[in-house]
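Heads up, the thing below is written out as structure tokens.
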Amino acid sequence: MADPYAATSSGAPALRPSRVLRRIREGKVARVLKLNTTDPKVAEIFASAQPDAIWLCMEHVGASWSDIEHQIRAARIHDVDTVLRVARGSYSDYIRGLELDATGLIVPHVMSAADATTVRDYTKFAPLGRRAVDGGNADAGFTRVGLLDYMTQANAERFVCHQIEDPEARDDLEAIAEIDGVDCLFFGPGDYSVALGIPGQIDHPDVQAVRERVATVARKNGKIAATVCSQANIQSYADMGYNFLNVGADVIALVNYADAAMAAFRDL
């Protein structure tokens, strides 16, 4: 396992580099698995499969900060990133996940360039943003990483995904992607389909058009293009320009397994 606080060439402790960002900088697609459960054992099982990140959630899941902290540790054992979808709130609702050493954040329902700028200011240190500084938590090695190194490395090795899942954001896509400190546009087809009045029709032409546009705008501006997909459409989404793909979730796997197990008894 890589040392989470390996020394830099100067001998000073450093933040753990992001596996997702390393893969994307190599021109590859980051591979992500999602967790809806809060057990760190499940996080470790998923991380041991060696995705680039596991996606944790506090928007739709009743996870506590302690749950999240244990899941982050479980992933880190296998040198796997964690990406935490936060609940919309104040700046402390965002940075707390980073301070627990989540590698990235997903901020849901970013509606405009002004909204994206606020998120950037909450989550990036100066000079990019106005993130509050502590340094006494897991991300900075509990003060082992020097303050200036901490701020510089956090801006470079931690990333924030701005979720585009509402029609209101469509006209501001270019402006959002042009903001320095916006790392990623993350298209959410489910909520987008609901907002259009066609719930669940994630392959509807009106949804597909925005899916394609998000990828195009993100990559044109040097940003990560992220979304969710099935195993069957990984290649087509990569061809579209997406370089951060979530495939599947623990609850889907558990439901499929349980249903199949019970189906085996039907002819008994």
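Ordered as shown in the structure tokens, chains take letters A, B, and onward, while each chain numbers its residues from 1 and ligands are numbered from 1 in the order shown.
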Exercise for the section: Enumerate the residues of region 39-267 of chain A with a DSSP assignment of helix (DSSP H, G or I), computed from the backbone, and present them as a VMD selection string. Expected result: chain A and resid 40 to 48 65 to 76 91 to 99 113 to 123 138 to 140 147 to 157 167 to 177 189 to 195 205 to 220 231 to 240 250 to 263
Practice task
Tell me which protein, DNA and RNA residues are within 6 Å of region 51-61 of chain A, counting only C-alpha atoms, leaving out same-chain ones fewer than 6 positions away, and put them as a PyMOL selection string.
Solution key: chain A and resi 19-20+30-35+80-87
I need the residues from that last selection saved to file as a PDB file, in the first residue's frame (with N, CA and C atoms), if you can.
ATOM      1  N   ARG A  19      -5.746   9.139  -7.336  1.00  0.00           N
ATOM      2  CA  ARG A  19      -5.677   8.083  -8.356  1.00  0.00           C
ATOM      3  C   ARG A  19      -6.533   8.453  -9.569  1.00  0.00           C
ATOM      4  N   VAL A  20      -7.691   9.058  -9.326  1.00  0.00           N
ATOM      5  CA  VAL A  20      -8.561   9.493 -10.426  1.00  0.00           C
ATOM      6  C   VAL A  20      -7.840  10.498 -11.309  1.00  0.00           C
ATOM      7  N   ALA A  30     -11.441   7.240 -15.768  1.00  0.00           N
ATOM      8  CA  ALA A  30     -11.506   6.863 -14.358  1.00  0.00           C
ATOM      9  C   ALA A  30     -12.716   5.967 -14.126  1.00  0.00           C
ATOM     10  N   ARG A  31     -12.502   4.870 -13.398  1.00  0.00           N
ATOM     11  CA  ARG A  31     -13.521   3.845 -13.163  1.00  0.00           C
ATOM     12  C   ARG A  31     -14.029   3.967 -11.735  1.00  0.00           C
ATOM     13  N   VAL A  32     -15.356   4.072 -11.583  1.00  0.00           N
ATOM     14  CA  VAL A  32     -15.945   4.409 -10.287  1.00  0.00           C
ATOM     15  C   VAL A  32     -17.079   3.443  -9.951  1.00  0.00           C
ATOM     16  N   LEU A  33     -17.135   3.032  -8.682  1.00  0.00           N
ATOM     17  CA  LEU A  33     -18.227   2.225  -8.158  1.00  0.00           C
ATOM     18  C   LEU A  33     -18.941   3.012  -7.058  1.00  0.00           C
ATOM     19  N   LYS A  34     -20.268   2.917  -7.012  1.00  0.00           N
ATOM     20  CA  LYS A  34     -21.063   3.708  -6.070  1.00  0.00           C
ATOM     21  C   LYS A  34     -21.536   2.867  -4.891  1.00  0.00           C
ATOM     22  N   LEU A  35     -21.542   3.477  -3.710  1.00  0.00           N
ATOM     23  CA  LEU A  35     -22.056   2.844  -2.507  1.00  0.00           C
ATOM     24  C   LEU A  35     -23.276   3.601  -1.981  1.00  0.00           C
ATOM     25  N   VAL A  80      -7.330   3.615  -3.103  1.00  0.00           N
ATOM     26  CA  VAL A  80      -8.463   3.979  -3.953  1.00  0.00           C
ATOM     27  C   VAL A  80      -9.041   5.300  -3.456  1.00  0.00           C
ATOM     28  N   ASP A  81      -9.347   6.189  -4.390  1.00  0.00           N
ATOM     29  CA  ASP A  81      -9.956   7.477  -4.053  1.00  0.00           C
ATOM     30  C   ASP A  81     -11.382   7.293  -3.533  1.00  0.00           C
ATOM     31  N   THR A  82     -11.835   8.269  -2.785  1.00  0.00           N
ATOM     32  CA  THR A  82     -13.251   8.368  -2.433  1.00  0.00           C
ATOM     33  C   THR A  82     -13.784   9.700  -2.930  1.00  0.00           C
ATOM     34  N   VAL A  83     -14.975   9.644  -3.511  1.00  0.00           N
ATOM     35  CA  VAL A  83     -15.641  10.841  -4.004  1.00  0.00           C
ATOM     36  C   VAL A  83     -16.959  10.943  -3.238  1.00  0.00           C
ATOM     37  N   LEU A  84     -17.119  12.007  -2.489  1.00  0.00           N
ATOM     38  CA  LEU A  84     -18.271  12.159  -1.607  1.00  0.00           C
ATOM     39  C   LEU A  84     -19.287  13.123  -2.203  1.00  0.00           C
ATOM     40  N   ARG A  85     -20.517  12.633  -2.434  1.00  0.00           N
ATOM     41  CA  ARG A  85     -21.589  13.551  -2.819  1.00  0.00           C
ATOM     42  C   ARG A  85     -22.168  14.141  -1.539  1.00  0.00           C
ATOM     43  N   VAL A  86     -22.054  15.445  -1.429  1.00  0.00           N
ATOM     44  CA  VAL A  86     -22.481  16.143  -0.227  1.00  0.00           C
ATOM     45  C   VAL A  86     -23.943  16.558  -0.343  1.00  0.00           C
ATOM     46  N   ALA A  87     -24.528  16.897   0.788  1.00  0.00           N
ATOM     47  CA  ALA A  87     -25.815  17.578   0.788  1.00  0.00           C
ATOM     48  C   ALA A  87     -25.555  19.069   0.614  1.00  0.00           C
TER      49      ALA A  87
END
Problem - Selection near Ser92 (chain A), 12 Å with only C-alpha atoms, sequence-local residues under 5 positions removed, as a list in words - result: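 Skipping anything fewer than 5 positions along the chain leaves Val86, Ala87, Gly97, Leu98, Glu99, Val119, Asp121, Tyr122, Thr123, Arg131, Ala132, Val133 and Asp134 of chain A.
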Using the selection just defined, write its residues with C-alpha atoms as a PDB file, in the first residue's frame.
ATOM      1  CA  VAL A  86     -22.481  16.143  -0.227  1.00  0.00           C
ATOM      2  CA  ALA A  87     -25.815  17.578   0.788  1.00  0.00           C
ATOM      3  CA  GLY A  97     -15.570  15.615   3.663  1.00  0.00           C
ATOM      4  CA  LEU A  98     -12.286  16.863   2.234  1.00  0.00           C
ATOM      5  CA  GLU A  99     -10.830  17.157   5.734  1.00  0.00           C
ATOM      6  CA  VAL A 119     -19.098  26.133  -4.754  1.00  0.00           C
ATOM      7  CA  ASP A 121     -15.057  29.497  -3.400  1.00  0.00           C
ATOM      8  CA  TYR A 122     -16.182  27.093  -0.647  1.00  0.00           C
ATOM      9  CA  THR A 123     -13.963  24.222  -1.774  1.00  0.00           C
ATOM     10  CA  ARG A 131     -11.868  27.761   1.457  1.00  0.00           C
ATOM     11  CA  ALA A 132     -11.375  27.937   5.212  1.00  0.00           C
ATOM     12  CA  VAL A 133      -8.062  26.473   6.427  1.00  0.00           C
ATOM     13  CA  ASP A 134      -7.481  24.091   9.326  1.00  0.00           C
TER      14      ASP A 134
END
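Neighbouring residues of region 190-206 of chain A at 10 Å or closer, counting only C-alpha atoms and skipping chain neighbours under 6 positions away, are His109, Ile164, Glu165, Asp166, Pro167, Glu168 and Val228 of chain A.
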Practice task
For region 236-250 of chain A, please output as a PyMOL selection string all residues within 9 Å (counting only C-alpha atoms; exclusion window: fewer than 3 positions along the same chain).
Solution key: chain A and resi 20+24+27-37+42+46+54-55+186+211-212+214-216+218-219+224-233+253-255
Problem - Residues of region 8-229 of chain A in strand (DSSP E), written as a count of residues only - result: 35
Exercise for the section: Considering only C-alpha atoms, state which residue in the set A:Leu268, A:Val251, A:Leu15, A:Ala177 is at the smallest distance from Gly146 (chain A). Expected result: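 The answer is A:Leu15, which sits nearest to Gly146 (chain A).
Among the candidates A:Ala12, A:Ala140, A:Val217, A:Cys161, the one nearest to Glu178 (chain A) when counting only C-alpha atoms is A:Val217.
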Handout entry: Contacts of Gly129 (chain A) within 12 Å, only C-alpha atoms, excl. fewer than 4 positions in-chain, as a PyMOL selection string
Key = chain A and resi 91+116-125+133+151-152+154-155+179-182
Practice task
Compare A:Gly62, A:Pro189, A:Pro127, A:Pro17 by their minimum atom-to-atom distance to Ala156 (chain A), counting only C-alpha atoms, and give me the closest one.
Solution key: A:Pro17
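Interatomic distance, CA of Arg76 (chain A) to CA of Gly136 (chain A): 18.5 Å.
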